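Visitor: Supplied structure: work_39.txt, compact mmCIF, C-alpha atoms.
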```txt
# COMPACT_ATOMS: atom_id res chain seq x y z
CA MET A 29 -13.62 12.51 -18.88
CA LYS A 30 -9.89 12.02 -19.13
CA ALA A 31 -8.39 9.54 -16.71
CA ILE A 32 -5.15 7.68 -16.06
CA GLU A 33 -5.61 3.93 -15.87
CA ILE A 34 -3.43 0.94 -15.07
CA THR A 35 -3.41 -1.04 -18.32
CA GLN A 36 -1.63 -4.00 -16.72
CA TYR A 37 0.53 -4.59 -13.67
CA GLY A 38 4.09 -3.45 -14.15
CA ALA A 39 6.49 -0.52 -14.50
CA PRO A 40 5.37 3.13 -14.54
CA ASP A 41 4.79 3.07 -18.29
CA VAL A 42 1.68 0.90 -17.81
CA LEU A 43 -0.08 4.11 -16.71
CA LYS A 44 -1.93 5.41 -19.79
CA ARG A 45 -4.38 8.18 -20.55
CA ALA A 46 -7.90 6.91 -21.24
CA GLU A 47 -11.43 8.18 -21.76
CA ARG A 48 -13.87 7.07 -19.08
CA PRO A 49 -17.50 7.92 -18.28
CA ARG A 50 -17.91 10.32 -15.41
CA PRO A 51 -18.58 8.47 -12.14
CA GLU A 52 -22.17 7.71 -11.22
CA LEU A 53 -22.83 8.95 -7.71
CA LYS A 54 -23.86 6.57 -4.95
CA PRO A 55 -25.98 7.78 -2.02
CA GLY A 56 -23.95 10.10 0.18
CA GLU A 57 -21.43 10.99 -2.53
CA VAL A 58 -20.59 14.22 -4.32
CA LEU A 59 -18.87 14.75 -7.67
CA ILE A 60 -15.64 16.75 -7.64
CA LYS A 61 -14.18 18.38 -10.76
CA VAL A 62 -10.56 17.58 -10.05
CA THR A 63 -7.84 20.22 -10.28
CA ALA A 64 -5.07 18.18 -8.67
CA SER A 65 -4.49 14.59 -7.53
CA GLY A 66 -2.00 13.48 -4.91
CA VAL A 67 0.42 10.65 -5.70
CA ASN A 68 1.07 8.15 -2.92
CA ARG A 69 3.00 4.94 -2.33
CA PRO A 70 -0.22 2.86 -2.35
CA ASP A 71 -0.78 4.02 -5.95
CA VAL A 72 2.58 2.47 -6.85
CA LEU A 73 1.69 -0.74 -5.02
CA GLN A 74 -1.64 -0.91 -6.85
CA ARG A 75 0.16 -0.40 -10.18
CA ILE A 76 2.45 -3.38 -9.56
CA GLY A 77 -0.38 -5.60 -8.30
CA GLN A 78 0.38 -5.54 -4.58
CA TYR A 79 -2.56 -3.44 -3.31
CA PRO A 80 -5.96 -4.90 -4.26
CA VAL A 81 -8.79 -2.47 -4.95
CA PRO A 82 -11.51 -2.72 -2.26
CA PRO A 83 -14.86 -4.11 -3.47
CA GLY A 84 -16.96 -1.42 -5.09
CA ALA A 85 -14.11 1.09 -5.48
CA SER A 86 -12.91 2.53 -8.78
CA ASP A 87 -10.11 0.60 -10.49
CA LEU A 88 -8.42 3.91 -11.29
CA PRO A 89 -5.53 4.78 -8.95
CA GLY A 90 -5.59 7.89 -6.77
CA LEU A 91 -6.60 8.24 -3.12
CA GLU A 92 -6.79 12.03 -2.72
CA VAL A 93 -8.00 14.93 -4.83
CA ALA A 94 -8.72 18.64 -4.69
CA GLY A 95 -11.07 20.66 -6.83
CA GLU A 96 -14.65 21.93 -6.92
CA ILE A 97 -17.94 20.27 -6.03
CA VAL A 98 -20.12 20.16 -9.16
CA ASP A 99 -22.90 17.72 -8.22
CA GLY A 100 -24.43 15.73 -5.38
CA VAL A 101 -26.93 15.99 -2.55
CA LEU A 102 -25.60 18.48 -0.01
CA ASP A 103 -28.49 18.88 2.43
CA GLY A 104 -27.82 15.80 4.56
CA PRO A 105 -26.15 15.38 7.96
CA ASP A 106 -22.77 14.60 6.39
CA ASN A 107 -22.43 18.21 5.19
CA ARG A 108 -20.84 19.34 8.44
CA TRP A 109 -18.94 22.29 6.96
CA GLY A 110 -21.73 23.92 4.93
CA LEU A 111 -20.32 22.91 1.55
CA LYS A 112 -22.12 23.93 -1.64
CA VAL A 113 -21.87 23.32 -5.37
CA GLY A 114 -18.83 25.40 -6.31
CA SER A 115 -17.05 24.95 -2.96
CA ARG A 116 -13.29 24.33 -3.16
CA VAL A 117 -12.60 21.06 -1.41
CA CYS A 118 -10.16 18.20 -0.92
CA ALA A 119 -11.18 14.62 -0.31
CA LEU A 120 -9.97 11.18 0.67
CA VAL A 121 -11.26 8.50 -1.71
CA GLN A 122 -10.90 4.71 -2.09
CA GLY A 123 -9.77 5.12 -5.70
CA GLY A 124 -10.52 7.08 -8.86
CA GLY A 125 -8.41 10.11 -8.03
CA TYR A 126 -6.42 10.03 -11.28
CA ALA A 127 -9.28 11.52 -13.30
CA GLU A 128 -10.91 14.82 -14.25
CA TYR A 129 -13.96 13.95 -12.14
CA CYS A 130 -14.03 11.90 -8.95
CA ALA A 131 -16.85 10.69 -6.72
CA ALA A 132 -16.21 11.08 -3.00
CA PRO A 133 -18.27 10.34 0.13
CA LEU A 134 -19.39 13.72 1.42
CA ALA A 135 -18.32 12.69 4.93
CA GLN A 136 -14.71 12.46 3.67
CA VAL A 137 -14.74 15.84 1.91
CA LEU A 138 -13.16 18.85 3.63
CA PRO A 139 -12.97 22.50 2.64
CA VAL A 140 -9.59 23.61 1.33
CA PRO A 141 -7.72 25.07 4.32
CA GLN A 142 -7.48 28.84 4.39
CA GLY A 143 -4.72 30.21 2.17
CA LEU A 144 -3.88 26.98 0.33
CA SER A 145 -3.92 26.29 -3.41
CA ASP A 146 -5.66 23.26 -4.90
CA VAL A 147 -2.28 21.65 -5.56
CA GLU A 148 -1.37 22.06 -1.89
CA ALA A 149 -4.80 20.82 -0.78
CA ALA A 150 -4.52 17.70 -2.96
CA SER A 151 -1.39 16.71 -1.00
CA LEU A 152 -3.23 16.58 2.33
CA PRO A 153 -5.97 13.94 2.73
CA GLU A 154 -4.11 10.63 2.42
CA THR A 155 -1.22 11.61 4.66
CA PHE A 156 -3.15 13.64 7.24
CA PHE A 157 -5.92 11.04 7.61
CA THR A 158 -3.26 8.31 7.94
CA VAL A 159 -1.06 10.16 10.42
CA TRP A 160 -3.94 11.27 12.62
CA SER A 161 -5.48 7.79 12.67
CA ASN A 162 -2.23 6.01 13.52
CA VAL A 163 -0.18 8.46 15.59
CA PHE A 164 -2.92 10.14 17.58
CA ASP A 165 -5.82 7.65 17.60
CA ARG A 166 -4.16 4.22 17.57
CA ALA A 167 -0.77 5.05 19.16
CA ARG A 168 -2.30 7.75 21.42
CA LEU A 169 0.58 10.22 21.26
CA GLY A 170 -0.17 12.53 24.16
CA GLU A 171 1.26 13.07 27.63
CA THR A 172 3.26 10.91 30.04
CA GLU A 173 1.95 10.05 33.52
CA SER A 174 3.91 13.03 34.83
CA GLY A 175 2.15 15.37 32.39
CA GLU A 176 5.03 15.89 29.95
CA LYS A 177 4.48 15.77 26.21
CA GLU A 178 5.45 12.40 24.75
CA THR A 179 8.15 11.89 22.12
CA LEU A 180 7.74 10.61 18.54
CA LEU A 181 10.16 8.88 16.18
CA VAL A 182 9.17 9.04 12.51
CA GLN A 183 10.75 6.53 10.14
CA GLY A 184 11.10 7.94 6.62
CA GLY A 185 10.86 11.57 7.64
CA THR A 186 11.01 13.05 4.12
CA SER A 187 8.17 10.96 2.68
CA GLY A 188 4.71 12.46 2.35
CA ILE A 189 3.69 10.70 5.55
CA GLY A 190 6.94 11.72 7.21
CA VAL A 191 6.73 15.45 6.58
CA THR A 192 3.13 15.38 7.81
CA ALA A 193 3.95 13.46 11.00
CA ILE A 194 6.91 15.70 11.83
CA GLN A 195 4.94 18.91 11.43
CA LEU A 196 1.86 17.69 13.27
CA GLY A 197 3.87 16.32 16.17
CA VAL A 198 5.86 19.53 16.55
CA ALA A 199 2.82 21.81 16.12
CA LEU A 200 1.08 19.92 18.93
CA GLY A 201 4.03 20.35 21.27
CA HIS A 202 5.92 17.05 21.01
CA ARG A 203 9.62 16.35 20.61
CA VAL A 204 10.02 14.65 17.23
CA PHE A 205 12.96 12.70 15.80
CA ALA A 206 13.05 11.40 12.23
CA THR A 207 15.14 9.06 10.11
CA ALA A 208 16.13 9.69 6.49
CA GLY A 209 18.51 8.24 3.93
CA SER A 210 21.10 11.02 3.68
CA ASP A 211 22.55 13.91 5.67
CA GLU A 212 20.74 16.31 3.33
CA LYS A 213 17.40 14.64 4.01
CA ALA A 214 18.14 14.54 7.73
CA ARG A 215 18.64 18.31 7.66
CA ALA A 216 15.36 18.65 5.70
CA CYS A 217 13.60 16.86 8.57
CA GLU A 218 15.10 19.36 11.00
CA ALA A 219 13.98 22.26 8.80
CA LEU A 220 10.43 20.92 9.18
CA GLY A 221 10.76 20.98 12.96
CA ALA A 222 12.31 17.64 13.93
CA GLU A 223 14.68 18.05 16.86
CA ARG A 224 17.09 15.63 15.20
CA GLY A 225 17.24 14.12 11.74
CA ILE A 226 19.02 10.75 11.77
CA ASN A 227 20.81 9.40 8.70
CA TYR A 228 19.90 5.72 8.98
CA LYS A 229 22.72 4.77 6.60
CA THR A 230 25.44 6.12 8.89
CA GLU A 231 23.79 6.33 12.33
CA ASP A 232 21.98 3.95 14.67
CA PHE A 233 18.56 5.42 15.39
CA VAL A 234 18.32 3.37 18.60
CA ALA A 235 21.53 4.84 20.01
CA VAL A 236 20.70 8.39 18.87
CA THR A 237 17.16 8.45 20.27
CA LYS A 238 18.29 6.84 23.54
CA ALA A 239 20.98 9.53 23.92
CA LEU A 240 18.52 12.32 23.14
CA THR A 241 16.01 11.06 25.71
CA GLY A 242 18.45 10.39 28.54
CA ASP A 243 18.30 6.65 27.83
CA ARG A 244 14.53 6.66 28.41
CA GLY A 245 13.55 5.93 24.80
CA VAL A 246 10.72 7.35 22.70
CA ASP A 247 7.04 6.94 23.43
CA VAL A 248 5.73 6.38 19.90
CA VAL A 249 7.31 5.15 16.65
CA LEU A 250 5.59 5.64 13.29
CA ASP A 251 6.97 2.79 11.19
CA MET A 252 6.72 2.52 7.40
CA VAL A 253 9.50 -0.08 7.11
CA GLY A 254 8.71 -3.18 9.15
CA GLY A 255 11.14 -6.07 8.63
CA ASP A 256 14.32 -5.88 10.69
CA TYR A 257 13.44 -2.34 11.85
CA LEU A 258 10.77 -3.68 14.21
CA PRO A 259 13.04 -5.37 16.78
CA ARG A 260 15.28 -2.30 16.82
CA GLU A 261 12.26 -0.07 17.37
CA VAL A 262 11.36 -2.19 20.38
CA GLN A 263 14.81 -1.39 21.76
CA ALA A 264 14.21 2.34 21.13
CA LEU A 265 10.92 2.46 23.06
CA ALA A 266 10.34 3.79 26.54
CA PHE A 267 8.22 1.85 29.02
CA ASP A 268 4.58 1.79 27.81
CA GLY A 269 5.82 2.73 24.32
CA ARG A 270 3.83 2.08 21.14
CA ILE A 271 4.79 1.26 17.55
CA ALA A 272 2.30 2.04 14.78
CA VAL A 273 3.11 0.08 11.61
CA ILE A 274 1.57 1.50 8.41
CA ALA A 275 3.75 0.05 5.62
CA LEU A 276 6.21 -2.77 5.02
CA LEU A 277 8.91 -1.35 2.75
CA GLY A 278 11.48 -3.49 4.58
CA GLY A 279 9.48 -6.72 4.51
CA SER A 280 6.53 -8.35 6.26
CA LYS A 281 8.46 -10.69 8.56
CA ALA A 282 10.06 -9.69 11.87
CA THR A 283 11.40 -11.37 15.00
CA LEU A 284 10.37 -9.74 18.27
CA ASP A 285 11.63 -10.12 21.82
CA MET A 286 8.29 -10.90 23.42
CA GLY A 287 9.87 -10.73 26.85
CA ALA A 288 10.66 -7.07 26.25
CA LEU A 289 7.03 -6.44 25.28
CA LEU A 290 5.87 -8.00 28.53
CA ARG A 291 8.42 -6.43 30.86
CA ARG A 292 8.13 -2.93 29.40
CA ARG A 293 4.38 -2.96 28.61
CA LEU A 294 4.88 -2.25 24.92
CA THR A 295 2.29 -2.17 22.13
CA VAL A 296 2.77 -2.98 18.45
CA THR A 297 -0.21 -2.08 16.25
CA GLY A 298 -0.83 -1.91 12.53
CA SER A 299 -3.55 -0.71 10.21
CA THR A 300 -4.53 0.09 6.64
CA LEU A 301 -6.88 2.98 6.01
CA ARG A 302 -8.24 2.33 2.51
CA PRO A 303 -10.76 -0.43 3.34
CA ARG A 304 -12.15 1.25 6.48
CA SER A 305 -15.74 2.46 6.55
CA VAL A 306 -16.97 5.93 5.63
CA ALA A 307 -18.08 6.41 9.24
CA PHE A 308 -14.56 5.64 10.47
CA LYS A 309 -13.00 8.13 8.07
CA ALA A 310 -15.68 10.71 8.85
CA ALA A 311 -14.56 10.70 12.49
CA ILE A 312 -10.98 11.39 11.38
CA ALA A 313 -12.20 14.19 9.12
CA GLN A 314 -13.93 15.80 12.09
CA ASN A 315 -10.71 15.75 14.10
CA LEU A 316 -8.71 17.18 11.21
CA TYR A 317 -11.18 20.01 10.66
CA GLU A 318 -11.29 20.94 14.35
CA LYS A 319 -7.68 20.34 15.41
CA VAL A 320 -5.48 20.47 12.31
CA TRP A 321 -7.06 22.79 9.73
CA PRO A 322 -6.65 25.81 12.08
CA LEU A 323 -2.91 25.07 12.19
CA PHE A 324 -2.70 25.86 8.47
CA ALA A 325 -4.41 29.21 8.95
CA ALA A 326 -2.03 29.97 11.84
CA GLY A 327 1.02 29.10 9.73
CA LYS A 328 2.11 26.34 12.13
CA ILE A 329 2.10 23.64 9.45
CA ARG A 330 2.35 23.79 5.68
CA PRO A 331 2.08 21.44 2.71
CA VAL A 332 5.43 20.31 1.31
CA ILE A 333 5.19 19.90 -2.47
CA TYR A 334 8.28 18.42 -4.08
CA GLN A 335 7.14 18.38 -7.71
CA THR A 336 4.02 18.53 -9.85
CA PHE A 337 3.39 16.78 -13.15
CA PRO A 338 0.64 17.12 -15.76
CA ALA A 339 -1.67 14.15 -15.28
CA GLU A 340 -0.60 12.73 -18.64
CA GLN A 341 2.88 12.32 -17.10
CA ALA A 342 1.71 10.13 -14.23
CA ASP A 343 4.31 7.58 -15.30
CA LYS A 344 7.07 10.11 -14.60
CA ALA A 345 5.53 10.91 -11.22
CA HIS A 346 5.57 7.23 -10.29
CA ALA A 347 9.14 6.81 -11.51
CA LEU A 348 10.18 9.72 -9.29
CA MET A 349 8.40 8.23 -6.28
CA GLU A 350 10.21 4.94 -6.79
CA THR A 351 13.59 6.70 -6.58
CA SER A 352 12.73 7.92 -3.05
CA THR A 353 14.71 11.10 -3.74
CA HIS A 354 11.74 13.39 -3.12
CA VAL A 355 11.10 15.40 0.03
CA GLY A 356 7.36 15.77 0.54
CA LYS A 357 4.52 15.19 -1.89
CA ILE A 358 4.22 14.60 -5.63
CA VAL A 359 1.04 15.95 -7.26
CA LEU A 360 -0.66 15.56 -10.65
CA THR A 361 -2.45 18.54 -12.20
CA TRP A 362 -5.42 18.51 -14.60
```
What's the structure tokens form of this structure?
Guide:
Amino acid sequence: MKAIEITQYGAPDVLKRAERPRPELKPGEVLIKVTASGVNRPDVLQRIGQYPVPPGASDLPGLEVAGEIVDGVLDGPDNRWGLKVGSRVCALVQGGGYAEYCAAPLAQVLPVPQGLSDVEAASLPETFFTVWSNVFDRARLGETESGEKETLLVQGGTSGIGVTAIQLGVALGHRVFATAGSDEKARACEALGAERGINYKTEDFVAVTKALTGDRGVDVVLDMVGGDYLPREVQALAFDGRIAVIALLGGSKATLDMGALLRRRLTVTGSTLRPRSVAFKAAIAQNLYEKVWPLFAAGKIRPVIYQTFPAEQADKAHALMETSTHVGKIVLTW
């Protein structure tokens, strides 16, 4: 099969086309003939040597794919959706997505949502699994003690994670605010449903969110920045507020006012999804199928594809991602 491999750590041009054997299936896995592969920030980090491959995972980059099941045992308990050979599916994988064929745990394979193309479906698993796990499971975005829907602040609202978090929050009835790096991107966040897009280069997200919530603050922050954003996010939180940290684009060190955490009963949590167990990801898949996939059919959420590239141009896709000019997802096609 054709594949895109990382020949050495470095710039995007270290991504090269290669010939690889098709994956050998492990128990519980199926083989997907890949039509499209999502491109994500962890792929870039892996390419530059800052995201180690979990033991036993493929060294090829790529954490999400869409295509057709062509092999595998499908009569076990993990086949919760009645999938068959020939079914159109998308899947979250630990690696190996930049290839014509990809092995995926059946428990992490979902049918393509009604009405979506394979390119659109390939843009879903990494961001939707991540957002559901962190915003709704870990940070427990839900209702206040008085029964009102809680509020969400999304940092990096035009990233793949950002457009997913905005749409999911809004579709489930929450007020959502989002930061972005320009007025144009702030308006793009609002077009996706955010009540207010905040240009972090010219506005103070603490002041804006405090004003929008009557000085109460937001209930949950989805943070992809870390660094000096974290103490400011503490200031932006309401009592009992939660911060879910999923990336460290602004650095891994932060200084926190621990007194504020104690007085206002705040929670700061972090996680990475890639090394978690199949059983853990299977539980997220169940929630997505039951609670999120119907939102696609109802037209309440939609994939946001910024640009596609032929797989052989994966280097150009990575170069684009590193500019951070995109709004939504970048996808490779095979």
Visitor: When distances are computed from only C-alpha atoms, which of A:Ala135, A:Val101, A:Leu43, A:Ile32 shows the smallest separation from Val306 of chain A?
Guide: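 Of A:Ala135, A:Val101, A:Leu43, A:Ile32, the one nearest Val306 of chain A is A:Ala135, counting only C-alpha atoms.
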Visitor: Using only C-alpha atoms, pick whichever of A:Asp99, A:His202, A:Ser65, A:Ala347 has the shortest atom-to-atom distance to Thr172 of chain A.
Guide: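 Closest residue, counting only C-alpha atoms: A:His202.
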Visitor: Give the answer as one residue: which of A:Gln263, A:Gln335, A:Gln195, A:Gln74 has the shortest atom-to-atom distance to Leu323 of chain A, using only C-alpha atoms?
Guide: A:Gln195
Visitor: My list of candidates is A:Ala150, A:Leu316, A:Val332, A:Ala326. Which is closest to Val191 of chain A when distances are computed with only C-alpha atoms?
Guide: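 Smallest separation from Val191 of chain A among the options: A:Val332.
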Visitor: Atom CA of Ala342 of chain A and atom CA of Pro80 of chain A are how many Å apart?
Guide: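 We find that atom CA of Ala342 of chain A and atom CA of Pro80 of chain A lie 19.6 Å from each other.
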Visitor: Restricting the calculation to only C-alpha atoms: of A:Gly255, A:Pro89, A:Gly221, A:Gly269, which residue gets closest to Glu178 of chain A?
Guide: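 Among the listed residues, A:Gly269 lies closest to Glu178 of chain A.
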Visitor: Could you check how far atom CA of Ile194 of chain A sits from atom CA of Ala222 of chain A, in Å to one decimal?
Guide: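 Pair atom CA of Ile194 of chain A / atom CA of Ala222 of chain A returns 6.1 Å.
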Visitor: For Glu154 of chain A, which residue among A:Lys44, A:Arg116, A:Arg69, A:Arg215 is the nearest when counting all atoms listed in the file?
Guide: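 Answer, going by the shortest atom-to-atom distance: A:Arg69.
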Visitor: Tell me which protein, DNA and RNA residues are within 9 Å of Val273 of chain A, counting only C-alpha atoms, leaving out same-chain ones fewer than 2 positions away, and put them as a list in words.
Guide: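 After dropping sequence-adjacent residues, the list is Asn162, Val249, Leu250, Asp251, Met252, Val253, Gly254, Leu258, Ile271, Ala275, Leu276, Val296, Thr297, Gly298 and Ser299 of chain A.
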Visitor: Within 12 Å of Leu290 of chain A, counting only C-alpha atoms, which residues show up once you throw out same-chain ones fewer than 5 positions away? Write them as a PyMOL selection string, please.
Guide: chain A and resi 262+267-269+284-285+295-296
Visitor: Write out the residues from the selection above, keeping C-alpha atoms, as a CSV table (one decimal), in the coordinates of the input.
Guide:
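As written to disk, part_21.csv reads:
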```
chain,number,residue,atom,x,y,z
A,262,VAL,CA,11.4,-2.2,20.4
A,267,PHE,CA,8.2,1.8,29.0
A,268,ASP,CA,4.6,1.8,27.8
A,269,GLY,CA,5.8,2.7,24.3
A,284,LEU,CA,10.4,-9.7,18.3
A,285,ASP,CA,11.6,-10.1,21.8
A,295,THR,CA,2.3,-2.2,22.1
A,296,VAL,CA,2.8,-3.0,18.4
```
Visitor: One decimal, Å: what's the distance from atom CA of Gly38 of chain A over to atom CA of Arg75 of chain A, could you say?
Guide: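 Interatomic distance, atom CA of Gly38 of chain A to atom CA of Arg75 of chain A: 6.4 Å.
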Visitor: Please provide as JSON, numbers by chain all residues within 12 Å of Trp109 of chain A, with the sequence filter that same-chain residues fewer than 3 positions apart are discarded (counting all atoms listed in the file).
Guide: {"A": [102, 103, 104, 105, 106, 112, 115, 116, 117, 134, 135, 136, 137, 138, 139, 140, 141, 313, 314, 317, 318]}
Visitor: I want to know what sits within 12 Å of segment 70-72 of chain A, based on all atoms listed in the file, with residues of the same chain fewer than 6 positions away left out; could you give that as a PyMOL selection string?
Guide: chain A and resi 32-34+37-43+78-81+87-92+122-126+154-155+188-189+252+274-277+300-302+342-351+358
Visitor: I'd like the neighbourhood of Ala167 of chain A as a PDB file with C-alpha atoms, in the frame of the given file, where a residue qualifies if any of its atoms comes within 8 Å (using all atoms listed in the file), though same-chain residues fewer than 2 positions away should be ignored.
Guide:
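Result file follows (selection30.pdb):
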```
ATOM      1  CA  ASN A 162      -2.230   6.010  13.520  1.00  0.00           C
ATOM      2  CA  VAL A 163      -0.180   8.460  15.590  1.00  0.00           C
ATOM      3  CA  PHE A 164      -2.920  10.140  17.580  1.00  0.00           C
ATOM      4  CA  ASP A 165      -5.820   7.650  17.600  1.00  0.00           C
ATOM      5  CA  LEU A 169       0.580  10.220  21.260  1.00  0.00           C
ATOM      6  CA  VAL A 248       5.730   6.380  19.900  1.00  0.00           C
ATOM      7  CA  ARG A 270       3.830   2.080  21.140  1.00  0.00           C
ATOM      8  CA  ILE A 271       4.790   1.260  17.550  1.00  0.00           C
ATOM      9  CA  ALA A 272       2.300   2.040  14.780  1.00  0.00           C
ATOM     10  CA  THR A 297      -0.210  -2.080  16.250  1.00  0.00           C
TER      11      THR A 297
END
```
Visitor: Using all atoms listed in the file, tabulate the residues of segment 334-357 of chain A lying at most 10 Å from any atom of segment 204-213 of chain A, each with its closest atom pair and that distance in Å to one decimal, by chain and increasing residue number, as a Markdown table.
Guide:
```
| residue | atom | partner | partner_atom | distance |
| --- | --- | --- | --- | --- |
| A:Ser352 | CA | A:Gly209 | CA | 9.1 |
| A:Thr353 | CA | A:Lys213 | CA | 8.9 |
| A:His354 | CA | A:Lys213 | CA | 9.2 |
| A:Val355 | CA | A:Lys213 | CA | 7.5 |
```
Visitor: Can you fill out segment 193-200 of chain A with all heavy atoms and hand it back as an mmCIF file, in the coordinates of the input?
Guide:
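What ended up in out_20.cif:
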```cif
data_model
loop_
_atom_site.group_PDB
_atom_site.id
_atom_site.type_symbol
_atom_site.label_atom_id
_atom_site.label_comp_id
_atom_site.auth_asym_id
_atom_site.auth_seq_id
_atom_site.Cartn_x
_atom_site.Cartn_y
_atom_site.Cartn_z
ATOM 1 N N ALA A 193 3.820 13.882 9.604
ATOM 2 C CA ALA A 193 3.950 13.460 11.000
ATOM 3 C C ALA A 193 4.879 14.389 11.778
ATOM 4 O O ALA A 193 4.601 14.736 12.937
ATOM 5 C CB ALA A 193 4.454 12.021 11.063
ATOM 6 N N ILE A 194 5.989 14.787 11.165
ATOM 7 C CA ILE A 194 6.910 15.700 11.830
ATOM 8 C C ILE A 194 6.207 16.999 12.188
ATOM 9 O O ILE A 194 6.231 17.457 13.343
ATOM 10 C CB ILE A 194 8.141 15.993 10.950
ATOM 11 C CG1 ILE A 194 9.033 14.756 10.816
ATOM 12 C CG2 ILE A 194 8.957 17.154 11.532
ATOM 13 C CD1 ILE A 194 10.121 14.901 9.766
ATOM 14 N N GLN A 195 5.558 17.600 11.199
ATOM 15 C CA GLN A 195 4.940 18.910 11.430
ATOM 16 C C GLN A 195 3.801 18.841 12.433
ATOM 17 O O GLN A 195 3.677 19.721 13.299
ATOM 18 C CB GLN A 195 4.438 19.483 10.101
ATOM 19 C CG GLN A 195 5.540 19.880 9.146
ATOM 20 C CD GLN A 195 4.989 20.709 8.005
ATOM 21 O OE1 GLN A 195 4.866 21.929 8.096
ATOM 22 N NE2 GLN A 195 4.648 20.034 6.934
ATOM 23 N N LEU A 196 2.980 17.806 12.333
ATOM 24 C CA LEU A 196 1.860 17.690 13.270
ATOM 25 C C LEU A 196 2.359 17.469 14.693
ATOM 26 O O LEU A 196 1.867 18.087 15.639
ATOM 27 C CB LEU A 196 0.943 16.544 12.863
ATOM 28 C CG LEU A 196 -0.295 16.887 12.051
ATOM 29 C CD1 LEU A 196 -1.141 15.651 11.823
ATOM 30 C CD2 LEU A 196 -1.119 17.966 12.744
ATOM 31 N N GLY A 197 3.338 16.577 14.837
ATOM 32 C CA GLY A 197 3.870 16.320 16.170
ATOM 33 C C GLY A 197 4.441 17.577 16.798
ATOM 34 O O GLY A 197 4.161 17.895 17.965
ATOM 35 N N VAL A 198 5.243 18.308 16.032
ATOM 36 C CA VAL A 198 5.860 19.530 16.550
ATOM 37 C C VAL A 198 4.812 20.596 16.852
ATOM 38 O O VAL A 198 4.844 21.248 17.900
ATOM 39 C CB VAL A 198 6.916 20.058 15.554
ATOM 40 C CG1 VAL A 198 7.423 21.428 15.985
ATOM 41 C CG2 VAL A 198 8.076 19.074 15.436
ATOM 42 N N ALA A 199 3.856 20.779 15.931
ATOM 43 C CA ALA A 199 2.820 21.810 16.120
ATOM 44 C C ALA A 199 1.996 21.552 17.371
ATOM 45 O O ALA A 199 1.505 22.495 18.004
ATOM 46 C CB ALA A 199 1.911 21.871 14.896
ATOM 47 N N LEU A 200 1.861 20.270 17.747
ATOM 48 C CA LEU A 200 1.080 19.920 18.930
ATOM 49 C C LEU A 200 1.942 19.765 20.174
ATOM 50 O O LEU A 200 1.495 19.250 21.198
ATOM 51 C CB LEU A 200 0.264 18.656 18.660
ATOM 52 C CG LEU A 200 -0.803 18.831 17.557
ATOM 53 C CD1 LEU A 200 -1.481 17.514 17.252
ATOM 54 C CD2 LEU A 200 -1.831 19.886 17.940
#
```
